[in-house]
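A.B. asks: Take a look at entry-v6.cif, mmCIF, C-alpha atoms:
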```cif
data_entry
loop_
_atom_site.label_atom_id
_atom_site.label_comp_id
_atom_site.auth_asym_id
_atom_site.auth_seq_id
_atom_site.Cartn_x
_atom_site.Cartn_y
_atom_site.Cartn_z
CA MET O 1 130.82 231.12 93.57
CA THR O 2 130.89 227.83 95.41
CA ILE O 3 129.25 226.61 98.63
CA LEU O 4 131.63 224.72 100.91
CA VAL O 5 130.08 221.94 102.98
CA THR O 6 131.93 220.44 105.94
CA GLY O 7 130.78 217.15 107.44
CA ALA O 8 129.56 216.32 103.93
CA THR O 9 129.62 212.53 104.24
CA GLY O 10 127.65 212.34 107.48
CA ASN O 11 123.92 211.96 107.88
CA VAL O 12 122.96 215.63 107.82
CA GLY O 13 125.83 216.79 105.60
CA ARG O 14 125.01 214.31 102.87
CA ASN O 15 121.41 215.51 102.86
CA VAL O 16 122.64 219.10 102.56
CA VAL O 17 124.86 218.19 99.60
CA ASP O 18 122.07 216.29 97.86
CA GLN O 19 119.63 219.17 98.29
CA LEU O 20 122.13 221.73 97.02
CA VAL O 21 122.97 219.61 93.96
CA GLN O 22 119.26 219.17 93.18
CA ARG O 23 118.95 222.95 93.24
CA GLY O 24 121.84 223.42 90.80
CA ALA O 25 124.39 224.85 93.23
CA ASP O 26 128.15 224.55 92.85
CA VAL O 27 129.22 222.45 95.83
CA ARG O 28 132.60 221.66 97.32
CA ALA O 29 132.93 219.10 100.10
CA LEU O 30 135.71 218.90 102.67
CA VAL O 31 136.15 215.21 103.55
CA ARG O 32 138.63 213.20 105.58
CA ASP O 33 139.06 210.45 102.97
CA ALA O 34 138.34 211.31 99.34
CA ALA O 35 138.49 207.63 98.35
CA LYS O 36 135.50 206.84 100.58
CA ALA O 37 133.43 209.91 99.73
CA THR O 38 130.49 208.68 97.64
CA LEU O 39 129.00 212.05 96.78
CA PRO O 40 126.90 213.08 93.77
CA ALA O 41 128.57 213.72 90.43
CA GLY O 42 129.74 217.28 90.05
CA VAL O 43 130.59 217.79 93.72
CA GLU O 44 134.18 218.96 94.06
CA ILE O 45 136.07 217.15 96.82
CA VAL O 46 138.89 218.51 98.96
CA GLN O 47 140.58 216.10 101.34
CA GLY O 48 141.40 217.33 104.83
CA ASP O 49 139.87 218.08 108.19
CA LEU O 50 139.02 221.08 110.32
CA LEU O 51 142.39 221.09 112.07
CA ASP O 52 144.31 221.11 108.77
CA VAL O 53 144.75 224.81 108.04
CA ASP O 54 146.40 224.23 104.66
CA ALA O 55 143.51 222.03 103.53
CA LEU O 56 141.04 224.61 104.83
CA ARG O 57 142.78 227.38 102.90
CA ALA O 58 142.61 225.31 99.72
CA ALA O 59 138.97 224.44 100.36
CA PHE O 60 137.95 228.09 100.81
CA SER O 61 139.46 229.29 97.53
CA GLY O 62 136.63 230.65 95.40
CA VAL O 63 134.00 230.01 98.04
CA SER O 64 131.21 232.47 98.86
CA THR O 65 129.21 230.58 101.48
CA LEU O 66 130.00 228.02 104.20
CA PHE O 67 127.94 225.26 105.73
CA LEU O 68 129.69 224.52 109.00
CA LEU O 69 129.00 221.18 110.63
CA ASN O 70 131.50 219.48 112.89
CA GLY O 71 131.11 216.34 114.91
CA VAL O 72 131.03 215.65 118.63
CA VAL O 73 134.76 215.38 119.31
CA PRO O 74 136.95 216.65 122.17
CA ASP O 75 138.27 219.58 120.12
CA GLU O 76 134.98 220.50 118.43
CA PHE O 77 135.20 224.14 119.57
CA THR O 78 138.78 224.56 118.30
CA GLN O 79 137.88 222.98 114.96
CA ALA O 80 135.02 225.41 114.47
CA LEU O 81 137.03 228.49 115.42
CA LEU O 82 139.90 227.54 113.12
CA THR O 83 137.46 227.05 110.27
CA LEU O 84 135.80 230.40 110.92
CA GLY O 85 139.21 232.08 111.12
CA VAL O 86 140.28 230.69 107.75
CA ALA O 87 136.87 231.57 106.28
CA ARG O 88 137.26 235.18 107.37
CA GLU O 89 140.83 235.24 106.04
CA ALA O 90 139.46 234.06 102.67
CA GLY O 91 136.82 236.79 102.64
CA VAL O 92 133.88 234.45 103.20
CA ARG O 93 131.07 236.31 104.97
CA ARG O 94 128.04 234.03 104.58
CA VAL O 95 127.65 231.09 106.94
CA VAL O 96 125.03 228.55 107.91
CA TYR O 97 126.04 226.78 111.12
CA LEU O 98 124.50 223.59 112.49
CA SER O 99 124.24 224.07 116.24
CA VAL O 100 121.67 222.46 118.55
CA ILE O 101 118.42 223.58 120.15
CA HIS O 102 118.72 225.01 123.68
CA SER O 103 122.51 225.29 123.37
CA ASP O 104 122.22 228.19 125.81
CA VAL O 105 120.15 226.12 128.26
CA TYR O 106 122.01 222.78 128.36
CA VAL O 107 125.03 224.68 129.67
CA ASN O 108 126.67 221.72 131.42
CA VAL O 109 126.54 219.41 128.38
CA PRO O 110 129.94 219.71 126.68
CA HIS O 111 128.87 219.48 123.04
CA PHE O 112 125.95 221.88 123.64
CA ALA O 113 128.14 224.41 125.44
CA GLY O 114 130.74 224.17 122.67
CA LYS O 115 128.15 224.87 120.01
CA PHE O 116 126.82 227.85 121.91
CA GLY O 117 130.36 229.20 122.08
CA VAL O 118 130.66 228.84 118.30
CA GLU O 119 127.34 230.63 117.83
CA ARG O 120 128.63 233.53 119.89
CA MET O 121 131.87 233.71 117.91
CA ILE O 122 130.03 233.67 114.58
CA GLU O 123 127.94 236.61 115.75
CA ALA O 124 130.86 238.47 117.33
CA MET O 125 133.03 238.03 114.21
CA GLY O 126 130.36 239.72 112.14
CA PHE O 127 129.47 236.88 109.79
CA GLU O 128 126.21 237.11 107.87
CA ALA O 129 124.89 233.90 109.34
CA THR O 130 121.99 231.62 110.01
CA VAL O 131 122.38 229.39 113.06
CA LEU O 132 120.27 226.26 112.72
CA ARG O 133 119.34 224.74 116.07
CA PRO O 134 117.97 221.22 115.55
CA ALA O 135 116.25 219.22 118.24
CA TYR O 136 116.72 215.46 118.66
CA PHE O 137 117.28 213.64 115.36
CA MET O 138 114.71 210.98 114.51
CA ASP O 139 117.62 209.22 112.80
CA ASN O 140 119.08 208.36 116.21
CA GLU O 141 116.36 205.73 116.44
CA VAL O 142 118.20 203.58 113.91
CA THR O 143 120.80 202.88 116.61
CA ILE O 144 118.19 201.60 119.09
CA LYS O 145 115.93 199.76 116.65
CA ASP O 146 117.35 196.34 117.59
CA ALA O 147 116.72 196.95 121.30
CA ILE O 148 113.15 197.99 120.55
CA THR O 149 112.34 195.11 118.21
CA GLY O 150 114.30 192.51 120.16
CA TYR O 151 113.39 193.37 123.75
CA GLY O 152 110.16 195.35 123.47
CA ILE O 153 111.51 198.41 125.24
CA TYR O 154 112.20 201.97 124.15
CA PRO O 155 115.61 202.57 125.80
CA MET O 156 116.35 206.24 125.08
CA PRO O 157 115.98 208.31 128.29
CA ILE O 158 113.96 211.12 126.77
CA GLY O 159 111.75 211.71 129.81
CA ASP O 160 108.28 213.24 130.01
CA LYS O 161 108.89 216.89 129.08
CA GLY O 162 108.96 215.99 125.39
CA LEU O 163 111.39 216.24 122.48
CA ALA O 164 110.40 217.82 119.16
CA MET O 165 112.16 215.19 117.05
CA ILE O 166 113.15 216.14 113.48
CA ASP O 167 114.11 214.08 110.44
CA ALA O 168 117.65 214.69 109.10
CA ARG O 169 116.21 214.98 105.59
CA ASP O 170 114.22 218.01 106.72
CA ILE O 171 117.35 219.48 108.33
CA GLY O 172 119.27 219.03 105.09
CA GLU O 173 116.60 220.68 102.99
CA ILE O 174 116.18 223.65 105.34
CA ALA O 175 119.96 224.11 105.43
CA ALA O 176 120.16 224.10 101.63
CA ILE O 177 117.35 226.66 101.38
CA GLU O 178 119.15 228.94 103.85
CA LEU O 179 122.53 228.52 102.15
CA LEU O 180 121.09 229.49 98.79
CA ARG O 181 119.11 232.38 100.26
CA ARG O 182 122.29 233.82 101.73
CA LYS O 183 124.44 233.02 98.69
CA ARG O 184 122.03 234.72 96.29
CA ALA O 185 121.31 237.78 98.43
CA GLU O 186 122.42 241.01 96.80
CA GLY O 187 123.40 242.53 100.12
CA PRO O 188 124.00 241.52 103.74
CA LEU O 189 121.20 239.67 105.50
CA PRO O 190 120.70 239.88 109.27
CA PHE O 191 121.99 237.26 111.70
CA GLU O 192 119.30 234.68 112.48
CA ARG O 193 118.69 231.66 114.68
CA ILE O 194 116.15 229.05 113.60
CA ASN O 195 114.95 226.20 115.80
CA LEU O 196 114.64 223.02 113.74
CA VAL O 197 111.88 220.88 115.20
CA GLY O 198 109.48 218.18 114.13
CA PRO O 199 105.69 218.47 114.04
CA ASP O 200 105.17 216.57 117.32
CA THR O 201 106.75 216.90 120.76
CA LEU O 202 107.08 213.33 122.06
CA THR O 203 107.74 211.85 125.50
CA GLY O 204 109.28 208.45 126.15
CA VAL O 205 105.80 206.99 126.61
CA ASP O 206 104.67 208.59 123.33
CA ALA O 207 107.62 207.17 121.40
CA ALA O 208 107.07 203.68 122.83
CA ALA O 209 103.37 203.85 121.92
CA ILE O 210 104.18 204.74 118.31
CA TRP O 211 106.62 201.83 118.07
CA SER O 212 103.92 199.57 119.54
CA ASP O 213 101.43 200.68 116.89
CA VAL O 214 103.89 200.28 114.02
CA LEU O 215 105.20 196.88 115.13
CA GLY O 216 101.84 195.56 116.23
CA ARG O 217 103.16 194.37 119.59
CA PRO O 218 103.80 195.98 122.97
CA VAL O 219 106.79 198.27 123.42
CA GLY O 220 107.30 199.74 126.89
CA TYR O 221 109.19 202.76 128.16
CA PRO O 222 111.13 201.77 131.31
CA GLY O 223 111.88 205.35 132.30
CA ALA O 224 114.91 207.60 132.15
CA ASP O 225 117.74 205.63 133.76
CA VAL O 226 120.60 207.84 132.65
CA ALA O 227 123.21 205.86 134.60
CA ALA O 228 122.31 202.68 132.70
CA PHE O 229 122.25 204.71 129.49
CA GLU O 230 125.82 205.86 130.10
CA GLN O 231 127.02 202.32 130.84
CA ASN O 232 125.41 200.97 127.68
CA LEU O 233 127.01 203.71 125.57
CA ARG O 234 130.45 202.95 127.01
CA GLN O 235 130.36 199.61 125.19
CA PHE O 236 130.83 201.35 121.84
CA MET O 237 132.05 204.89 122.46
CA PRO O 238 134.74 206.58 124.59
CA SER O 239 133.93 207.23 128.25
CA TRP O 240 134.02 211.03 127.80
CA MET O 241 131.41 210.84 125.04
CA ALA O 242 129.19 208.45 126.98
CA PHE O 243 129.25 210.85 129.94
CA ASP O 244 128.49 213.78 127.64
CA MET O 245 125.45 211.84 126.37
CA ARG O 246 124.39 211.06 129.93
CA LEU O 247 124.46 214.75 130.80
CA MET O 248 122.35 215.40 127.71
CA GLY O 249 119.89 212.74 128.85
CA GLU O 250 119.60 214.43 132.23
CA ARG O 251 118.65 217.66 130.48
CA PHE O 252 116.12 215.79 128.32
CA VAL O 253 114.48 214.81 131.59
CA SER O 254 114.70 218.19 133.32
CA ASP O 255 114.12 220.52 130.36
CA GLY O 256 113.02 218.59 127.29
CA MET O 257 113.36 219.99 123.77
CA VAL O 258 110.16 221.94 123.37
CA PRO O 259 109.62 224.30 120.42
CA ASP O 260 109.03 227.99 120.82
CA ALA O 261 105.73 229.42 119.62
CA GLY O 262 105.67 229.57 115.83
CA ASP O 263 108.66 227.27 115.22
CA VAL O 264 106.71 224.54 113.42
CA GLU O 265 104.74 227.01 111.30
CA ARG O 266 107.93 228.82 110.30
CA LEU O 267 109.52 225.60 109.04
CA VAL O 268 106.41 224.48 107.18
CA THR O 269 106.36 227.85 105.41
CA LEU O 270 110.08 227.59 104.63
CA LEU O 271 109.75 224.09 103.17
CA GLY O 272 106.40 224.65 101.51
CA ARG O 273 105.20 221.29 102.85
CA PRO O 274 104.52 219.52 106.16
CA LEU O 275 107.42 218.33 108.29
CA ARG O 276 108.08 214.60 108.33
CA THR O 277 106.48 212.80 111.26
CA TYR O 278 108.04 210.43 113.78
CA ARG O 279 105.41 207.81 113.01
CA ASP O 280 106.31 207.81 109.32
CA PHE O 281 110.01 207.65 110.15
CA VAL O 282 109.52 204.67 112.46
CA ALA O 283 107.40 202.91 109.85
CA GLY O 284 110.20 203.45 107.35
CA ILE O 285 112.90 201.82 109.47
CA ALA O 286 110.84 199.16 111.26
CA GLY O 287 110.47 196.86 108.27
#
```
Mind turning the file's structure into structure tokens?

C.D. replies:
Amino acid sequence: MTILVTGATGNVGRNVVDQLVQRGADVRALVRDAAKATLPAGVEIVQGDLLDVDALRAAFSGVSTLFLLNGVVPDEFTQALLTLGVAREAGVRRVVYLSVIHSDVYVNVPHFAGKFGVERMIEAMGFEATVLRPAYFMDNEVTIKDAITGYGIYPMPIGDKGLAMIDARDIGEIAAIELLRRKRAEGPLPFERINLVGPDTLTGVDAAAIWSDVLGRPVGYPGADVAAFEQNLRQFMPSWMAFDMRLMGERFVSDGMVPDAGDVERLVTLLGRPLRTYRDFVAGIAG
């Protein structure tokens, strides 16, 4: 039986697909544009999106397990519920869902609140599921690299509580491990939530210091100006999304993204290796 991956061409989804293929799984990917989907050989592609019920029904034929990832869009919650509804109609019981850490804490941040709603529906609908709750993606730093290298400032308003940043490659591998664990289980496995965190919890000052070390020149952290952050984001994303990100930044400052006791050790055990570090990630993209 096949594993269906949604969001398969994005940063995390592509890592999930690659990890599943490396482990010999049968993978089907739901993609918006099959012509642009550069996925590994052997991956079956179905064209469609999470609002296209006919495409979803076709995609779920012969599927045993679902990896559900959907993007930050205005109808994210509806997309997820439609997908879960079609999955249940098709008899799919096993799900791994990519949510976000502290989805139940960042209650005023639209895309966090939406994901928490999806978590609740997955549990209420009786799916045999693992909810993965990643913290801040290290990969976001690619989008601010030019500001850091060009202006000597670390512009992300991550505050001084600390974020346990995680590499998307680690997310993809953990997701693949969980998908295969559920797929291969002889009977139902209990519902679980797993925080996905990196090995270090970093403040804005910490992140700037690491960039300084890697680049060999000063990088400063100007502080968490979330209003300026919103205005900068509005240059390349819709106003609703920029405001959503501002609200998230405010919660970075007030709450942070701090692991629970045992989170790091659990992931190291799951992977059988150390988690990737922020310093190594920065060194990899700084050149």

A.B. asks: Determine the nearest neighbour of Met245 in chain O from the options O:Gly284, O:Gly187, O:Pro157, O:Gly7, counting all atoms listed in the file.

C.D. replies: O:Pro157

A.B. asks: Report as AutoDock Vina command-line options the centre and the edge lengths, in Å to one decimal, of the axis-aligned box holding every listed atom of range 84-95 of chain O, padded by 5 Å on each side.

C.D. replies:
```
--center_x 134.2 --center_y 233.6 --center_z 106.9 --size_x 23.2 --size_y 16.4 --size_z 18.5
```

A.B. asks: Determine the residue set returned by the PyMOL selection byres ((chain O and resi 174-183) around 9) for the present structure, and present it as number ranges by chain.

C.D. replies: O: 1-3, 15-20, 23, 25, 64-67, 94-98, 128-130, 132, 169-173, 184-189, 196, 267, 270-271

A.B. asks: Skipping near chain neighbours, those fewer than 6 positions away, what residues fall within 6 Å of Met138 in chain O using only C-alpha atoms, listed as a PyMOL selection string?

C.D. replies: chain O and resi 165-167

A.B. asks: List the residues selected by the PyMOL selection byres ((chain O and resi 134) around 10) in the file shown, writing them as a PyMOL selection string.

C.D. replies: chain O and resi 98-103+131-133+135-137+164-168+171+194-198+257

A.B. asks: Nearest residue to Leu39 in chain O out of O:Phe281, O:Arg14, O:Gln79, O:Leu68, using only C-alpha atoms?

C.D. replies: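 Under the stated criterion, the closest residue is O:Arg14.
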
A.B. asks: Rounded to one decimal place, report the CA of Arg88 in chain O-CA of Asn11 in chain O distance in Å.

C.D. replies: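 Atom-to-atom, CA of Arg88 in chain O to CA of Asn11 in chain O, that is 26.8 Å.
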
A.B. asks: Step by step, work through what the PyMOL selection byres ((chain O and resi 249) around 12) selects in the shown file, and finish by giving those residues as a ChimeraX atom specification.

C.D. replies: /O:106,108-109,136,155-163,204,223-230,233,242-248,250-257
